[in-house]
Amino acid sequence: MFLVPKGEIVSVVNWRDKPHRNQYRRFSKVTQELKMPHDFFLGETLVSQAVWKEITQTNPSYFKDHTSPVENINFMEVQTFISRLNRLTNHNFRLPTETEWLYACLLNYPADFTQRMDEYVWYEANSKNRTQPVGSKKAGRLQFSDLLGNLFQWCNAAPESPNPSNQPIYRGACWQTQGLWVDTAYRMTVNQHFKNNTIGFRLAMDV
C-alpha cells in the first residue's frame with residue numbers, strides 16, 4: 001500500500017465538453033472541493049485473484065488468472081472478504097470512499113494522460129477483451145496502477161453522500177470501456193448484490 005497525502009484539490013468538470021449519459025444532461029459546469037484532512041493508505045493495485053483465493057479459498061472470477069484482478073464479486077461479498085482479512089491480519093482494511101478514490105486518481109494521473117492512455121490504462125482498445133494482470137500498466141505519480149482501467153472499483157459512499165446504503169457506488173473504467181468514457185468524473189450505482197466481470201476493488205486503510 002502507498003500513502004496518499006492529505007490536502008485539498010478543486011475539481012472542475014464541464015459536462016458540456018464530455019459525451020453525455022442521460023443522468024448527466026442536467027449538468028453544465030460542476031466545481032467540487034475535495035478536502036482530505038488526513039493521510040491514508042491505498043492499495044498499489046486492484047486485489048488479485050490470488051489474494052482473494054488465499055483468504056476465501058474460492059475464485060469466482062470469470063477471467064481466471066491468479067495474477068489478474070478478482071471480479072464477479074458483489075459489494076456485500078467484498079465486505080465479507082474485508083472482515084475476514086481484518087480478523088486474519090489484525091488490521092483495519094476497508095474500501096476507499098469515492099472521495100478518496102477521486103482524490104487519489106486526480107493526484108495519480110498526469111493532466112495529459114488521456115493523450116497517453118495506452119501507457120496507463122487497460123480499456124477496450126488494448127485489453128484483448130478481458131482483464132489483465134494487476135500492476136502491468138505504468139503506475140502514475142503516486143505509484144498506483146489501474147485506478148482507471150482493467151476493472152471498475154467498488155467504493156464506500158462518502159459521509160456526505162445521499163446515496164442509499166443498498167445502492168453502492170463504483171468508479172473508474174474497465175477492460176471493455178471505450179476510450180471516450182475513460183474518465184475520472186463518471187460515477188455509477190447499482191444494487192449491492194449485483195456482480196459481473198467488470199467490477200473489482202482495491203483496499204484502503206487509515207494511517
# chains A, B, ... in the order shown; residues from 1 in each chain; ligands from 1

$ select_by_dssp --residues "segment 8-204 of chain A" --states "alpha helix (DSSP H)" --output "JSON, numbers by chain"
{"A": [49, 50, 51, 52, 53, 54, 55, 56, 75, 76, 77, 78, 79, 80, 81, 82, 83, 84, 85, 86, 87, 88, 89, 98, 99, 100, 101, 102, 103, 104, 105, 106, 107, 108, 117, 118, 119, 120]}

$ residues_around --residues "Thr56 of chain A" --least-positions-apart "3" --cutoff "9 Å" --atoms "only C-alpha atoms" --output "list in words"
Val51, Trp52, Lys53, Asn59, Phe81 and Arg84 of chain A

$ closest_atom_pairs --of "segment 32-127 of chain A" --to "segment 145-151 of chain A" --cutoff "9 Å" --atoms "only C-alpha atoms" --output "JSON lines"
{"residue": "A:Glu44", "atom": "CA", "partner": "A:Ser145", "partner_atom": "CA", "distance": 6.3}
{"residue": "A:Thr45", "atom": "CA", "partner": "A:Ser145", "partner_atom": "CA", "distance": 5.4}
{"residue": "A:Leu46", "atom": "CA", "partner": "A:Asp146", "partner_atom": "CA", "distance": 7.0}
{"residue": "A:Pro69", "atom": "CA", "partner": "A:Leu151", "partner_atom": "CA", "distance": 7.7}
{"residue": "A:Glu71", "atom": "CA", "partner": "A:Leu151", "partner_atom": "CA", "distance": 7.9}
{"residue": "A:Trp101", "atom": "CA", "partner": "A:Leu147", "partner_atom": "CA", "distance": 7.9}
{"residue": "A:Ala104", "atom": "CA", "partner": "A:Leu147", "partner_atom": "CA", "distance": 8.3}
{"residue": "A:Cys105", "atom": "CA", "partner": "A:Leu147", "partner_atom": "CA", "distance": 6.2}
{"residue": "A:Asn108", "atom": "CA", "partner": "A:Leu147", "partner_atom": "CA", "distance": 8.3}
{"residue": "A:Tyr109", "atom": "CA", "partner": "A:Leu147", "partner_atom": "CA", "distance": 9.0}
{"residue": "A:Tyr120", "atom": "CA", "partner": "A:Asp146", "partner_atom": "CA", "distance": 7.4}
{"residue": "A:Val121", "atom": "CA", "partner": "A:Gly149", "partner_atom": "CA", "distance": 4.9}
{"residue": "A:Trp122", "atom": "CA", "partner": "A:Gly149", "partner_atom": "CA", "distance": 4.8}
{"residue": "A:Tyr123", "atom": "CA", "partner": "A:Gly149", "partner_atom": "CA", "distance": 5.7}
{"residue": "A:Ser127", "atom": "CA", "partner": "A:Asn150", "partner_atom": "CA", "distance": 7.7}

$ residues_around --residues "segment 86-94 of chain A" --least-positions-apart "3" --cutoff "10 Å" --atoms "only C-alpha atoms" --output "list in words"
Phe41, Leu42, Gly43, Ile55, Val78, Gln79, Thr80, Phe81, Ile82, Ser83, Thr97, Cys155, Asn156, Arg202, Leu203, Ala204, Met205, Asp206 and Val207 of chain A

$ write_last_selection --atoms "C-alpha atoms" --output "mmCIF file, in the first residue's frame"
data_model
loop_
_atom_site.group_PDB
_atom_site.id
_atom_site.type_symbol
_atom_site.label_atom_id
_atom_site.label_comp_id
_atom_site.auth_asym_id
_atom_site.auth_seq_id
_atom_site.Cartn_x
_atom_site.Cartn_y
_atom_site.Cartn_z
ATOM 1 C CA PHE A 41 -3.128 4.282 2.606
ATOM 2 C CA LEU A 42 -4.412 2.887 -0.675
ATOM 3 C CA GLY A 43 -3.613 -0.407 -2.357
ATOM 4 C CA ILE A 55 -8.465 -15.545 2.100
ATOM 5 C CA VAL A 78 -16.283 -7.654 -0.710
ATOM 6 C CA GLN A 79 -17.370 -6.543 2.768
ATOM 7 C CA THR A 80 -17.249 -10.160 3.952
ATOM 8 C CA PHE A 81 -13.770 -10.582 2.431
ATOM 9 C CA ILE A 82 -12.510 -7.440 4.185
ATOM 10 C CA SER A 83 -13.917 -8.556 7.543
ATOM 11 C CA THR A 97 -14.620 6.236 -0.125
ATOM 12 C CA CYS A 155 -16.179 2.412 -3.260
ATOM 13 C CA ASN A 156 -17.779 3.260 0.046
ATOM 14 C CA ARG A 202 -8.743 -2.192 -4.033
ATOM 15 C CA LEU A 203 -8.121 -1.794 -0.332
ATOM 16 C CA ALA A 204 -7.668 1.328 1.745
ATOM 17 C CA MET A 205 -6.571 1.822 5.333
ATOM 18 C CA ASP A 206 -6.306 4.745 7.704
ATOM 19 C CA VAL A 207 -2.843 5.807 8.834
#

$ closest_residue --among "A:Asp183, A:Trp175, A:Trp154, A:Gln132" --to "Leu95 of chain A" --atoms "only C-alpha atoms"
A:Trp154

$ select_by_dssp --residues "segment 31-76 of chain A" --states "strand (DSSP E)" --output "PyMOL selection string"
chain A and resi 31-36+40-42

$ atom_distance --atom1 "atom CA of Val182 of chain A" --atom2 "atom CA of Thr114 of chain A"
8.0 Å

$ closest_residue --among "A:Glu124, A:Glu100, A:Glu33, A:Asp65" --to "Val10 of chain A" --atoms "only C-alpha atoms"
A:Glu33

$ atom_distance --atom1 "atom CA of Val70 of chain A" --atom2 "atom CA of Ser48 of chain A"
5.2 Å

$ closest_residue --among "A:Pro159, A:Gly172, A:Pro164, A:Pro5" --to "Val190 of chain A" --atoms "only C-alpha atoms"
A:Pro164
